[in-house]
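Trainee: Take a look at this one; I'll ask things after.
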Amino acid sequence: MKQLLDTHSFIWFVTGNPRITPEVRAQIENNENFLSIASIWEIAIKSNLGKLNLGITIDKLVEQQVIANGIELLDITTSHLAIVAILPLHHRDPFDRLLIAQAMVEGLPIVGMDEMFDAYPIQRVWG
């Protein structure tokens with residue numbers, strides 16, 4: 001199954017964070033995963049603000065964690081942005097709204113724990 005990783009799911013997966021349960025880890029390891037360029041952008045911003053320290057540069061993160069784990073990067077398209085423009089404002093985080101739009105356009109479930117995603121016509125996978 002193809003699936004889109006939420007930013008926190010990706011970070012927790014690659015850092016071995018215990019918030020990724022064995023079930024969620026298996027869900028990620030046994031499926032075809034996509035990571036949005038928006039998530040890389042979010043990680044870059046949070047790193048710059050000092051809210052996130054992965055101890056690695058963005059280019060090395062992509063090389064050592066995204067590519068090494070067989071995760072495909074999902075570009076942002078105008079089709080995704082067209083959906084963002086009309087999404088109800090159940091969720092106000094701009095990065096999550098873009099992930100929701102990408103999941104809708106691409107027909108991908110999102111692997112993430114954010115229950116606000118459930119307010120949209122997408123499938124959320126978590127454990």
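Ligands are numbered from 1 in the order shown, residues from 1 within each chain, and chains are lettered A, B, ... in the order they appear in the structure tokens.
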If we count only C-alpha atoms, what is near stretch 10-13 of chain A at a cut-off of 9 Å, once residues fewer than 3 positions away on the same chain are taken out, given as a list in words?

Mentor: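 Near neighbours after the sequence-gap exclusion: Leu5, Asp6, Thr7, Gly16, Asn17, Pro18, Arg19, Ile20, Val24, Arg25, Ile28, Leu35, Ser39, Ile43, Leu54, Val66 and Val111 of chain A.
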
Trainee: Just the selected residues (C-alpha atoms), exported as a PDB file, in the first residue's frame, please.

Mentor:
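This is the output file part-v1.pdb:
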ATOM      1  CA  LEU A   5       3.974  10.067   6.225  1.00  0.00           C
ATOM      2  CA  ASP A   6       3.046  12.976   8.459  1.00  0.00           C
ATOM      3  CA  THR A   7       6.096  15.018   9.448  1.00  0.00           C
ATOM      4  CA  GLY A  16      13.679   5.592  16.807  1.00  0.00           C
ATOM      5  CA  ASN A  17      11.303   7.554  19.020  1.00  0.00           C
ATOM      6  CA  PRO A  18       9.222   5.204  21.231  1.00  0.00           C
ATOM      7  CA  ARG A  19       6.046   7.095  20.273  1.00  0.00           C
ATOM      8  CA  ILE A  20       6.211   4.982  17.110  1.00  0.00           C
ATOM      9  CA  VAL A  24       3.114   1.788  13.364  1.00  0.00           C
ATOM     10  CA  ARG A  25       6.780   0.933  12.682  1.00  0.00           C
ATOM     11  CA  ILE A  28       5.836   2.108   7.721  1.00  0.00           C
ATOM     12  CA  LEU A  35       7.197  12.222   2.329  1.00  0.00           C
ATOM     13  CA  SER A  39       7.503  18.100   5.523  1.00  0.00           C
ATOM     14  CA  ILE A  43      11.665  20.401   9.364  1.00  0.00           C
ATOM     15  CA  LEU A  54      18.157  16.344  14.417  1.00  0.00           C
ATOM     16  CA  VAL A  66      14.665   9.521   3.163  1.00  0.00           C
ATOM     17  CA  VAL A 111       0.335   7.836   8.703  1.00  0.00           C
TER      18      VAL A 111
END

Trainee: Can you list, as a ChimeraX atom specification, all residues belonging to chain A that DSSP tags as helix (DSSP H, G or I)?

Mentor: /A:7-15,22-29,37-48,58-67,78-84,94-106,115-119

Trainee: Taking the DSSP secondary structure from the backbone, can you list the residues of chain A that are strand (DSSP E), as an mmCIF file with C-alpha atoms, in the first residue's frame?

Mentor:
data_model
loop_
_atom_site.group_PDB
_atom_site.id
_atom_site.type_symbol
_atom_site.label_atom_id
_atom_site.label_comp_id
_atom_site.auth_asym_id
_atom_site.auth_seq_id
_atom_site.Cartn_x
_atom_site.Cartn_y
_atom_site.Cartn_z
ATOM 1 C CA LYS A 2 1.169 3.538 -0.742
ATOM 2 C CA GLN A 3 0.955 6.027 2.121
ATOM 3 C CA LEU A 4 1.977 9.562 3.041
ATOM 4 C CA LEU A 5 3.974 10.067 6.225
ATOM 5 C CA GLU A 32 5.503 2.212 0.086
ATOM 6 C CA ASN A 33 6.025 5.569 1.782
ATOM 7 C CA PHE A 34 5.939 9.121 0.533
ATOM 8 C CA LEU A 35 7.197 12.222 2.329
ATOM 9 C CA SER A 36 6.000 15.599 1.195
ATOM 10 C CA GLU A 72 9.829 8.805 -2.059
ATOM 11 C CA LEU A 73 9.591 12.586 -1.971
ATOM 12 C CA LEU A 74 6.225 14.004 -3.021
ATOM 13 C CA ILE A 110 -1.719 9.562 6.019
ATOM 14 C CA VAL A 111 0.335 7.836 8.703
ATOM 15 C CA ARG A 124 -5.541 8.250 8.680
ATOM 16 C CA VAL A 125 -3.437 5.293 9.798
#

Trainee: Give me, as an NGL selection string, all polymer residues having an atom no more than 12 Å from stretch 113-122 of chain A, counting only C-alpha atoms and skipping those fewer than 5 positions away in the same chain.

Mentor: :A and (3-10 or 12 or 19-21 or 24 or 83-84 or 86-93 or 96-108 or 127)

Trainee: Take the residues from that selection and write them out as a compact mmCIF listing (two decimals), in the first residue's frame, keeping C-alpha atoms.

Mentor:
# COMPACT_ATOMS: atom_id res chain seq x y z
CA GLN A 3 0.95 6.03 2.12
CA LEU A 4 1.98 9.56 3.04
CA LEU A 5 3.97 10.07 6.23
CA ASP A 6 3.05 12.98 8.46
CA THR A 7 6.10 15.02 9.45
CA HIS A 8 6.14 13.79 13.04
CA SER A 9 5.73 10.18 11.91
CA PHE A 10 8.78 10.50 9.68
CA TRP A 12 9.88 9.66 15.05
CA ARG A 19 6.05 7.09 20.27
CA ILE A 20 6.21 4.98 17.11
CA THR A 21 4.63 1.78 18.33
CA VAL A 24 3.11 1.79 13.36
CA ILE A 83 -7.42 21.86 -2.75
CA VAL A 84 -5.70 23.83 0.05
CA ILE A 86 -10.93 25.32 -0.63
CA LEU A 87 -10.32 23.10 2.42
CA PRO A 88 -12.55 23.80 5.41
CA LEU A 89 -10.54 25.28 8.26
CA HIS A 90 -10.90 22.34 10.66
CA HIS A 91 -7.11 22.25 10.87
CA ARG A 92 -5.20 25.52 10.87
CA ASP A 93 -1.60 24.28 10.55
CA ASP A 96 -0.82 19.75 7.77
CA ARG A 97 -3.40 21.37 5.49
CA LEU A 98 -1.04 20.81 2.56
CA LEU A 99 -0.50 17.17 3.58
CA ILE A 100 -4.27 16.71 3.75
CA ALA A 101 -4.66 18.19 0.27
CA GLN A 102 -1.90 15.96 -1.08
CA ALA A 103 -3.53 12.90 0.48
CA MET A 104 -6.84 13.84 -1.12
CA VAL A 105 -5.41 14.48 -4.59
CA GLU A 106 -3.08 11.47 -4.59
CA GLY A 107 -5.54 9.09 -2.88
CA LEU A 108 -3.05 8.30 -0.11
CA GLY A 127 -1.52 1.79 15.07

Trainee: Please compute the atom CA of A:Pro94-atom CA of A:Gly112 distance, one decimal, in Å.

Mentor: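 The value is 15.8 Å.
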
Trainee: Could you check which of A:Ile76, A:Thr15, A:Gln27, A:Glu42 is closest to A:Pro109, using only C-alpha atoms?

Mentor: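 With only C-alpha atoms as the atom set, the closest residue is A:Gln27.
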
Trainee: Calculated over only C-alpha atoms, which of the candidates A:Asn30, A:Ser47, A:Pro22, A:Phe95 has the smallest distance to A:Gly70?

Mentor: A:Asn30

Trainee: Atom CA of A:Ile56 to atom CA of A:Trp41: how many Å, to one decimal?

Mentor: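 Atom CA of A:Trp41 lies at a distance of 14.4 Å from atom CA of A:Ile56.
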
Trainee: Taking only C-alpha atoms into account, which of A:Leu52, A:Leu61, A:Ala44, A:Ala38 comes nearest A:Asp75?

Mentor: A:Ala38
